[in-house]
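Asks: Got a structure for you, questions after.
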Amino acid sequence: MANFDFTAIAKQFVEFYYQTFDNGRAGLAPLYRETSMLTFEGSTTQGGQNIIEKLAGLPFQKVQHQVSTLDAQPTILPGGIAVMVTGALLTDDEAKPLSFTQMFQLVLDNGTYYVYNDVFRLVY
Amino acid sequence: MAKGSKRVGAAKSRPSASKGSDVVMRDIREKAAQRRRTGPKGSVKIAVTGFHSTSWWSHDPGQISALVEQRISVSETGPGTRNTNGGVRKRKIKKNNGSKIRKPAISGTIAYLTVSGDLAPKVLALDGLRIKDAVLHFDTNVREVRVVEALRRAAGSSGLSEGDLKVHLTNTLSRRFKKEAALLDLCGMAYDTDLSPLGLQFAEPSSPLFVAMMAICDVELGTAMDKAASVVHVSLANNNIGDLESVATLAETFPELKSLDLSGNPRLGNQPKFPSLWKREFKKLETLVLDNGPLLSTADVRHIIGSFPRLLNINGIKIPDDLRKKVKGSLVVLPGQFKDDGGVGSQFLANFFAGYDNDRQGLVDYYYDDASMFSLVVNNEAARVSDGIIPKGEWAAYIHESRNLKKLDNQSARLKRKHVGKQSIRSVFKALPATQHPSLAEEPGKWMVECVIHPGVPDPTGRVPGGVNGLLITTHGEFKDDHVLNEAHNVKTRSFDRTFIIGPGSEPGSIRIISDMLVIRGFGGADAYNVGIATAGAAAPPPPPLVVQPVQQLTPQPEIQQPVMQQSDSDDAQKQAMVTELCRLTGLNVGYSTLCLQETGWAFDAALQAFQSAKDRIPPEAFAV
């Protein structure tokens, strides 16, 4: 697995993730599995369906993510990728954007990637 | 009543207060009209009427803006140059006027267009425009149009003339306005004998009555400043309101309200649709009274404070400070989750940052091996605490190593900036400015560290072929660096986010870094994650226990074992937080709150429900501290 283009996958993943999040976060369901774990602002949720419910229940209607930086490294798992994103998000009619950091651990399973760990934090 | 009496004093100091209230109203009215003419700088709000209930109107707001655009374009370019292609005409408008007319906001029978000042006269010149059976009127006196329209609709249904209806409603409102208390008391309005002859529902979405009353308040009470001074509290209690939509215009008329009573409207339920209706329109609202029904759950409270940023009390219960503080924007911030594995993670962090500051070369030897990876990214867009002057070249010491895959497309640069193995990491660490991180143990408030299990990292000893559990550690914090800028040494505080994946090393009991990813950004402070530091008396979970070891004494770490998810620490912390919240919301003491939560299996909302249904039978000692 040494030659797979993890940077392209990471980039594609990040674009897809935030676009889907902003357009209707229920659409993220295919990215999580039963073993997936979301740590969102210190609250942990395990399992795809629970994660989607957690995201759907976040107290804002509209959200817009703006990615500022993206870095990725292959991890030892077959095809595993660690993706680190920083950026800003704007919720509802909030005037001031909030800075966030999000860490994804992508795992390859039967030819498709899913999110094993997802750690989200507001940082400013 | 302190506030009330203060208001009376303020009112008396106004010169017009000695006149009769009609005169006061007239004065205010004139002042309002004067201010209205000037309008907000740059743009003009225009009310459009005459389209509703005509065969021309297709209920598409875009229809009005398209018509206005087209007509202005025709008058500008003249019939001779008229192009049949609508798209071309539109572009012309955009070019000539610098702005396209946006879709108006529709409220009842009025459409509100906002246009630039130079465009306004052209739009207003369209007044009286006939199209099919519609006669469109364009007017900048938005408030008056609102009153006239609402009265026209209300009068139509009530059988009174518009003038009579206005007098009738103005009298009713004057009677309901308690000047001393700065209160507009519309309690029980739905059953007011004053209104019953009108045959109109007070607050039903289909009824124009509430809109008409608000419109009268708007004109009678004048400008925002005058309204704020005279009406601070509004009661809409006991009106059997079924849908807040029918009183939505309250926010347009009284955006400065400090308290709102919606009790006695059982049809609204416990979770009225505030967020979809009033998105922070009431920026100063401090007190909200909802139905006398069941207590609100924490989730309900969070839901509600999302719409009212300054809210202090709901149903007479003070909103717990920690609940309010944790709301940043509208997201709830909890302390870090640290699912450590036998203290390995916290030990690692203490060692790592001390080593990074004091002995990077030793650190590389200790924690990195030939498969370890390190990369760094500069985020120069992130929000900062201070908006002072940012010196040119502030990132010069880092930028040539920045591996931002969003911007960096050159494949060889991408590869070059991903450092693999001791050798490469050693050289990049050497090139980066010297740093000083605050101590994790002594200044935990400057940090946010989290740790989750990362499965399937290889076991270099080969004993577990399928791999063992490692840790994914995310850290956020700050550091000072000593960098050269304009040939001089500078010390600067910056913020960083750093993620590690660690696993067992080849030596028994040793730890190695598999992945190390660093983001450096302008200093953003610690407010976003400084929630672990509890306010006095609040039982917020303590920061993860950290043992600091001087870097010289680096010792082999306990071995990382097979899957272990030690949740006990964070579980306890969570339970403690639940107890505190239940105490605050119910007034129960710690013992009874704990009991209540235990009995409901630590399901917070269920515990609150249980309290609610049993509260009349709870012994007084449950509330004793």
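Each chain in the structure tokens gets a letter, A, B, ..., in the order shown, and its residues are numbered from 1; ligands are numbered from 1 in order too.
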Just the residues within 10 Å of stretch 101-111 of chain A, please, counting only C-alpha atoms, with nothing from its chain fewer than 4 positions along; format it as a PDB file with N, CA and C atoms, in the first residue's frame.
Replies:
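File written: part.pdb
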ATOM      1  N   ILE A   9      -6.658  11.420  -1.729  1.00  0.00           N
ATOM      2  CA  ILE A   9      -7.832  10.868  -1.038  1.00  0.00           C
ATOM      3  C   ILE A   9      -8.250  11.795   0.087  1.00  0.00           C
ATOM      4  N   ALA A  10      -7.259  12.279   0.846  1.00  0.00           N
ATOM      5  CA  ALA A  10      -7.565  13.168   1.971  1.00  0.00           C
ATOM      6  C   ALA A  10      -8.243  14.436   1.473  1.00  0.00           C
ATOM      7  N   PHE A  13     -11.724  13.665   0.359  1.00  0.00           N
ATOM      8  CA  PHE A  13     -12.552  13.387   1.518  1.00  0.00           C
ATOM      9  C   PHE A  13     -12.982  14.689   2.190  1.00  0.00           C
ATOM     10  N   VAL A  14     -12.025  15.577   2.412  1.00  0.00           N
ATOM     11  CA  VAL A  14     -12.318  16.824   3.131  1.00  0.00           C
ATOM     12  C   VAL A  14     -13.320  17.676   2.354  1.00  0.00           C
ATOM     13  N   LEU A  31     -20.330   7.712   5.667  1.00  0.00           N
ATOM     14  CA  LEU A  31     -18.927   7.830   6.066  1.00  0.00           C
ATOM     15  C   LEU A  31     -18.632   7.186   7.418  1.00  0.00           C
ATOM     16  N   TYR A  32     -19.663   6.851   8.170  1.00  0.00           N
ATOM     17  CA  TYR A  32     -19.438   6.276   9.503  1.00  0.00           C
ATOM     18  C   TYR A  32     -19.939   4.831   9.560  1.00  0.00           C
ATOM     19  N   SER A  36     -17.295   3.407  14.386  1.00  0.00           N
ATOM     20  CA  SER A  36     -16.836   4.797  14.337  1.00  0.00           C
ATOM     21  C   SER A  36     -17.083   5.510  15.659  1.00  0.00           C
ATOM     22  N   MET A  37     -16.201   6.430  15.969  1.00  0.00           N
ATOM     23  CA  MET A  37     -16.344   7.194  17.210  1.00  0.00           C
ATOM     24  C   MET A  37     -16.182   8.676  16.900  1.00  0.00           C
ATOM     25  N   LEU A  38     -17.171   9.453  17.346  1.00  0.00           N
ATOM     26  CA  LEU A  38     -17.092  10.904  17.200  1.00  0.00           C
ATOM     27  C   LEU A  38     -16.853  11.519  18.570  1.00  0.00           C
ATOM     28  N   THR A  39     -15.852  12.383  18.675  1.00  0.00           N
ATOM     29  CA  THR A  39     -15.652  13.138  19.908  1.00  0.00           C
ATOM     30  C   THR A  39     -15.857  14.595  19.545  1.00  0.00           C
ATOM     31  N   PHE A  40     -17.071  15.091  19.806  1.00  0.00           N
ATOM     32  CA  PHE A  40     -17.441  16.436  19.394  1.00  0.00           C
ATOM     33  C   PHE A  40     -17.490  17.337  20.606  1.00  0.00           C
ATOM     34  N   VAL A  67     -12.501  25.668   5.107  1.00  0.00           N
ATOM     35  CA  VAL A  67     -11.259  24.967   5.452  1.00  0.00           C
ATOM     36  C   VAL A  67     -10.071  25.892   5.188  1.00  0.00           C
ATOM     37  N   SER A  68      -9.210  26.059   6.216  1.00  0.00           N
ATOM     38  CA  SER A  68      -8.011  26.880   6.020  1.00  0.00           C
ATOM     39  C   SER A  68      -6.797  26.009   5.728  1.00  0.00           C
ATOM     40  N   THR A  69      -6.638  24.952   6.512  1.00  0.00           N
ATOM     41  CA  THR A  69      -5.489  24.083   6.275  1.00  0.00           C
ATOM     42  C   THR A  69      -5.915  22.625   6.306  1.00  0.00           C
ATOM     43  N   LEU A  70      -5.142  21.837   5.617  1.00  0.00           N
ATOM     44  CA  LEU A  70      -5.410  20.409   5.533  1.00  0.00           C
ATOM     45  C   LEU A  70      -4.060  19.712   5.429  1.00  0.00           C
ATOM     46  N   ASP A  71      -3.840  18.720   6.288  1.00  0.00           N
ATOM     47  CA  ASP A  71      -2.613  17.939   6.211  1.00  0.00           C
ATOM     48  C   ASP A  71      -3.000  16.475   6.401  1.00  0.00           C
ATOM     49  N   ALA A  72      -2.234  15.600   5.839  1.00  0.00           N
ATOM     50  CA  ALA A  72      -2.564  14.181   5.958  1.00  0.00           C
ATOM     51  C   ALA A  72      -1.285  13.357   5.999  1.00  0.00           C
ATOM     52  N   GLN A  73      -1.353  12.284   6.740  1.00  0.00           N
ATOM     53  CA  GLN A  73      -0.240  11.333   6.777  1.00  0.00           C
ATOM     54  C   GLN A  73      -0.820   9.930   6.685  1.00  0.00           C
ATOM     55  N   PRO A  74      -0.120   9.049   5.971  1.00  0.00           N
ATOM     56  CA  PRO A  74      -0.593   7.664   5.956  1.00  0.00           C
ATOM     57  C   PRO A  74      -0.323   7.052   7.324  1.00  0.00           C
ATOM     58  N   THR A  75      -1.231   6.252   7.833  1.00  0.00           N
ATOM     59  CA  THR A  75      -0.958   5.555   9.082  1.00  0.00           C
ATOM     60  C   THR A  75      -0.704   4.101   8.763  1.00  0.00           C
ATOM     61  N   LEU A  77      -2.187   1.339   9.494  1.00  0.00           N
ATOM     62  CA  LEU A  77      -3.285   0.466   9.069  1.00  0.00           C
ATOM     63  C   LEU A  77      -3.282   0.388   7.554  1.00  0.00           C
ATOM     64  N   PRO A  78      -3.665  -0.728   6.976  1.00  0.00           N
ATOM     65  CA  PRO A  78      -3.679  -0.798   5.515  1.00  0.00           C
ATOM     66  C   PRO A  78      -4.550   0.334   4.952  1.00  0.00           C
ATOM     67  N   GLY A  79      -3.913   1.206   4.210  1.00  0.00           N
ATOM     68  CA  GLY A  79      -4.657   2.313   3.608  1.00  0.00           C
ATOM     69  C   GLY A  79      -5.119   3.361   4.596  1.00  0.00           C
ATOM     70  N   GLY A  80      -4.703   3.279   5.829  1.00  0.00           N
ATOM     71  CA  GLY A  80      -5.154   4.233   6.841  1.00  0.00           C
ATOM     72  C   GLY A  80      -4.576   5.621   6.603  1.00  0.00           C
ATOM     73  N   ILE A  81      -5.390   6.647   6.858  1.00  0.00           N
ATOM     74  CA  ILE A  81      -4.928   8.018   6.671  1.00  0.00           C
ATOM     75  C   ILE A  81      -5.350   8.859   7.879  1.00  0.00           C
ATOM     76  N   ALA A  82      -4.406   9.614   8.411  1.00  0.00           N
ATOM     77  CA  ALA A  82      -4.745  10.598   9.439  1.00  0.00           C
ATOM     78  C   ALA A  82      -4.882  11.940   8.742  1.00  0.00           C
ATOM     79  N   VAL A  83      -6.019  12.599   8.936  1.00  0.00           N
ATOM     80  CA  VAL A  83      -6.286  13.869   8.260  1.00  0.00           C
ATOM     81  C   VAL A  83      -6.523  14.930   9.316  1.00  0.00           C
ATOM     82  N   MET A  84      -5.808  16.024   9.227  1.00  0.00           N
ATOM     83  CA  MET A  84      -5.976  17.097  10.196  1.00  0.00           C
ATOM     84  C   MET A  84      -6.404  18.367   9.467  1.00  0.00           C
ATOM     85  N   VAL A  85      -7.527  18.913   9.908  1.00  0.00           N
ATOM     86  CA  VAL A  85      -8.104  20.078   9.238  1.00  0.00           C
ATOM     87  C   VAL A  85      -8.222  21.221  10.242  1.00  0.00           C
ATOM     88  N   THR A  86      -7.902  22.429   9.839  1.00  0.00           N
ATOM     89  CA  THR A  86      -8.264  23.585  10.655  1.00  0.00           C
ATOM     90  C   THR A  86      -9.017  24.552   9.756  1.00  0.00           C
ATOM     91  N   GLY A  87      -9.893  25.323  10.367  1.00  0.00           N
ATOM     92  CA  GLY A  87     -10.677  26.247   9.573  1.00  0.00           C
ATOM     93  C   GLY A  87     -11.622  27.041  10.437  1.00  0.00           C
ATOM     94  N   ALA A  88     -12.653  27.587   9.806  1.00  0.00           N
ATOM     95  CA  ALA A  88     -13.624  28.397  10.534  1.00  0.00           C
ATOM     96  C   ALA A  88     -15.012  27.966  10.120  1.00  0.00           C
ATOM     97  N   VAL A 115     -14.803   6.746   8.350  1.00  0.00           N
ATOM     98  CA  VAL A 115     -14.169   7.501   9.430  1.00  0.00           C
ATOM     99  C   VAL A 115     -14.163   6.632  10.682  1.00  0.00           C
ATOM    100  N   TYR A 116     -12.987   6.298  11.155  1.00  0.00           N
ATOM    101  CA  TYR A 116     -12.930   5.507  12.380  1.00  0.00           C
ATOM    102  C   TYR A 116     -12.987   6.433  13.606  1.00  0.00           C
ATOM    103  N   ASN A 117     -12.146   7.442  13.605  1.00  0.00           N
ATOM    104  CA  ASN A 117     -12.173   8.438  14.679  1.00  0.00           C
ATOM    105  C   ASN A 117     -12.395   9.811  14.081  1.00  0.00           C
ATOM    106  N   ASP A 118     -13.171  10.617  14.791  1.00  0.00           N
ATOM    107  CA  ASP A 118     -13.455  11.977  14.342  1.00  0.00           C
ATOM    108  C   ASP A 118     -13.429  12.828  15.605  1.00  0.00           C
ATOM    109  N   VAL A 119     -12.427  13.673  15.718  1.00  0.00           N
ATOM    110  CA  VAL A 119     -12.296  14.487  16.936  1.00  0.00           C
ATOM    111  C   VAL A 119     -12.425  15.959  16.554  1.00  0.00           C
ATOM    112  N   PHE A 120     -13.464  16.601  17.085  1.00  0.00           N
ATOM    113  CA  PHE A 120     -13.747  17.988  16.715  1.00  0.00           C
ATOM    114  C   PHE A 120     -13.614  18.904  17.924  1.00  0.00           C
ATOM    115  N   ARG A 121     -12.977  20.043  17.712  1.00  0.00           N
ATOM    116  CA  ARG A 121     -12.861  21.054  18.773  1.00  0.00           C
ATOM    117  C   ARG A 121     -12.940  22.450  18.211  1.00  0.00           C
ATOM    118  N   LEU A 122     -13.679  23.309  18.900  1.00  0.00           N
ATOM    119  CA  LEU A 122     -13.591  24.731  18.596  1.00  0.00           C
ATOM    120  C   LEU A 122     -12.342  25.233  19.284  1.00  0.00           C
ATOM    121  N   VAL A 123     -11.559  26.048  18.602  1.00  0.00           N
ATOM    122  CA  VAL A 123     -10.328  26.502  19.231  1.00  0.00           C
ATOM    123  C   VAL A 123     -10.287  28.018  19.429  1.00  0.00           C
ATOM    124  N   TYR A 124     -11.245  28.747  18.871  1.00  0.00           N
ATOM    125  CA  TYR A 124     -11.319  30.178  19.138  1.00  0.00           C
ATOM    126  C   TYR A 124     -12.726  30.675  18.881  1.00  0.00           C
TER     127      TYR A 124
ATOM    128  N   HIS B 454      -6.626   4.328  19.357  1.00  0.00           N
ATOM    129  CA  HIS B 454      -6.383   4.147  17.930  1.00  0.00           C
ATOM    130  C   HIS B 454      -6.021   2.681  17.729  1.00  0.00           C
ATOM    131  N   LEU B 472      -4.691   8.021  19.939  1.00  0.00           N
ATOM    132  CA  LEU B 472      -4.770   9.215  19.099  1.00  0.00           C
ATOM    133  C   LEU B 472      -4.945  10.379  20.071  1.00  0.00           C
ATOM    134  N   ILE B 473      -3.936  11.205  20.160  1.00  0.00           N
ATOM    135  CA  ILE B 473      -3.960  12.298  21.137  1.00  0.00           C
ATOM    136  C   ILE B 473      -4.038  13.623  20.402  1.00  0.00           C
ATOM    137  N   THR B 474      -5.054  14.425  20.726  1.00  0.00           N
ATOM    138  CA  THR B 474      -5.147  15.750  20.112  1.00  0.00           C
ATOM    139  C   THR B 474      -4.870  16.792  21.189  1.00  0.00           C
ATOM    140  N   HIS B 476      -4.392  21.105  21.998  1.00  0.00           N
ATOM    141  CA  HIS B 476      -4.534  22.490  21.569  1.00  0.00           C
ATOM    142  C   HIS B 476      -3.939  23.346  22.669  1.00  0.00           C
ATOM    143  N   ASP B 497      -2.184  23.486  17.317  1.00  0.00           N
ATOM    144  CA  ASP B 497      -2.965  22.255  17.444  1.00  0.00           C
ATOM    145  C   ASP B 497      -2.011  21.150  17.011  1.00  0.00           C
ATOM    146  N   ARG B 498      -1.849  20.132  17.834  1.00  0.00           N
ATOM    147  CA  ARG B 498      -0.909  19.078  17.481  1.00  0.00           C
ATOM    148  C   ARG B 498      -1.538  17.718  17.770  1.00  0.00           C
ATOM    149  N   THR B 499      -1.462  16.840  16.806  1.00  0.00           N
ATOM    150  CA  THR B 499      -2.058  15.512  16.944  1.00  0.00           C
ATOM    151  C   THR B 499      -0.970  14.451  16.882  1.00  0.00           C
ATOM    152  N   VAL B 519      -0.143  22.079  13.708  1.00  0.00           N
ATOM    153  CA  VAL B 519      -0.657  23.281  13.041  1.00  0.00           C
ATOM    154  C   VAL B 519      -0.304  24.464  13.926  1.00  0.00           C
TER     155      VAL B 519
END
Asks: Per DSSP on the backbone, what are the strand (DSSP E) residues of stretch 252-493 of chain B, as a PyMOL selection string?
Replies: chain B and resi 259-261+287-289+313-314+317-318+327-328+331-332+373-379+419-420+434-436+448-457+468-485+488-493
Asks: Of the candidates B:Lys258, B:Arg310, B:Arg417, B:Lys132, which shows the shortest atom-to-atom distance to chain A, using only C-alpha atoms?
Replies: B:Arg417
Asks: So that I can check the surroundings of A:Leu28, please list as a list in words every protein, DNA and RNA residue that reaches within 9 Å of it, counting only C-alpha atoms and ignoring chain neighbours fewer than 4 positions away.
Replies: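 Those residues are Tyr17, Thr20, Phe21, Gly24, Tyr32 and Ile52 of chain A.
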Asks: Mind dumping the selected residues with N, CA and C atoms as a short mmCIF file (atom, residue, chain, number, x, y, z; two decimals), in the first residue's frame?
Replies:
data_model
loop_
_atom_site.label_atom_id
_atom_site.label_comp_id
_atom_site.auth_asym_id
_atom_site.auth_seq_id
_atom_site.Cartn_x
_atom_site.Cartn_y
_atom_site.Cartn_z
N TYR A 17 -16.67 15.93 2.70
CA TYR A 17 -17.20 15.95 4.06
C TYR A 17 -17.87 17.28 4.39
N THR A 20 -20.96 18.17 2.23
CA THR A 20 -22.12 17.40 2.65
C THR A 20 -22.63 17.90 3.99
N PHE A 21 -21.70 18.19 4.90
CA PHE A 21 -22.09 18.70 6.23
C PHE A 21 -22.93 19.96 6.07
N GLY A 24 -26.52 19.38 4.36
CA GLY A 24 -27.48 18.50 5.03
C GLY A 24 -26.70 17.39 5.66
N TYR A 32 -19.66 6.85 8.17
CA TYR A 32 -19.44 6.28 9.50
C TYR A 32 -19.94 4.83 9.56
N ILE A 52 -24.82 10.31 13.41
CA ILE A 52 -25.66 11.14 12.55
C ILE A 52 -26.72 11.85 13.37
#
Asks: Sorted by chain and rising residue number, which residues of stretch 461-515 of chain B lie within 9 Å of stretch 396-413 of chain B, and what are their closest atom pairs and distances in Å to one decimal, counting only C-alpha atoms, as a Markdown table?
Replies:
| residue | atom | partner | partner_atom | distance |
| --- | --- | --- | --- | --- |
| B:His483 | CA | B:Ala397 | CA | 6.8 |
| B:Val484 | CA | B:Ala397 | CA | 7.6 |
| B:Leu485 | CA | B:Ala396 | CA | 7.9 |
Asks: For C-alpha atoms, I'd like the residues from the last selection saved as a short mmCIF file (atom, residue, chain, number, x, y, z; two decimals), in the first residue's frame.
Replies:
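Saved the output as part.cif:
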data_model
loop_
_atom_site.label_atom_id
_atom_site.label_comp_id
_atom_site.auth_asym_id
_atom_site.auth_seq_id
_atom_site.Cartn_x
_atom_site.Cartn_y
_atom_site.Cartn_z
CA HIS B 483 12.41 33.64 16.19
CA VAL B 484 14.49 35.99 14.11
CA LEU B 485 12.57 38.78 12.42
#
Asks: Just checking: using only C-alpha atoms, which residue out of A:Ser43, A:Ala26, A:Gly57, A:His65 ends up closest to chain B?
Replies: A:Ser43
Asks: Near B:Lys422, within 12 Å and counting only C-alpha atoms, which residues show up once chain neighbours fewer than 3 positions away are dropped, as a list in words?
Replies: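 These residues fall inside the cut-off: Arg360, Gln361, Gly362, Leu363, Val364, Asp365, Tyr366, Tyr367, Tyr368, Asp369, Asp370, Ala371, Ser372, Met373, Phe374, His419, Ile425, Arg426, Ser427, Val428, Phe429, Lys430, Arg512, Ile513 and Ile514 of chain B.
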Asks: DSSP on the backbone, then: every residue of stretch 142-374 of chain B marked helix (DSSP H, G or I), written as number ranges by chain.
Replies: B: 142-158, 162-176, 189-191, 196-198, 209-220, 224-230, 244-247, 250-253, 266-268, 274-277, 298-305, 321-325, 344-358, 360-367
Asks: Could you give me, as a list of chain:residue names, the residues within 12 Å of B:Val491, counting only C-alpha atoms and dropping anything in the same chain fewer than 6 positions from it?
Replies: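 So, after excluding close chain neighbours, the residues are B:Glu394, B:Pro433, B:Ala434, B:Thr435, B:Gln436, B:Phe479, B:Lys480, B:Asp481, B:Asp482, B:His483, B:Val484, B:Leu485.
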Asks: When you draw a straight line from atom CA of B:Pro508 to atom CA of B:Gly456, how long is it in Å?
Replies: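 One can read the atom CA of B:Pro508 to atom CA of B:Gly456 distance as 17.9 Å.
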Asks: Counting only C-alpha atoms, which of B:Lys392, B:Arg384, B:Lys178, B:Lys416 gets nearest to chain A?
Replies: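 Checking each candidate against chain A, we get B:Arg384 as the closest.
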Asks: List as a list of chain:residue names the protein and nucleic acid residues near A:Thr91, meaning an atom at most 7 Å away when only C-alpha atoms are counted, but skip any in the same chain fewer than 4 places from it.
Replies: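 Close residues of A:Thr91: A:Phe60, A:Lys62, A:Val63, A:Gln64.
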Asks: Measuring between only C-alpha atoms, which one of A:Tyr114, A:Lys54, A:Glu34, A:Asp92 shows the shortest distance to chain B?
Replies: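 Distance minimum relative to chain B lands on A:Asp92.
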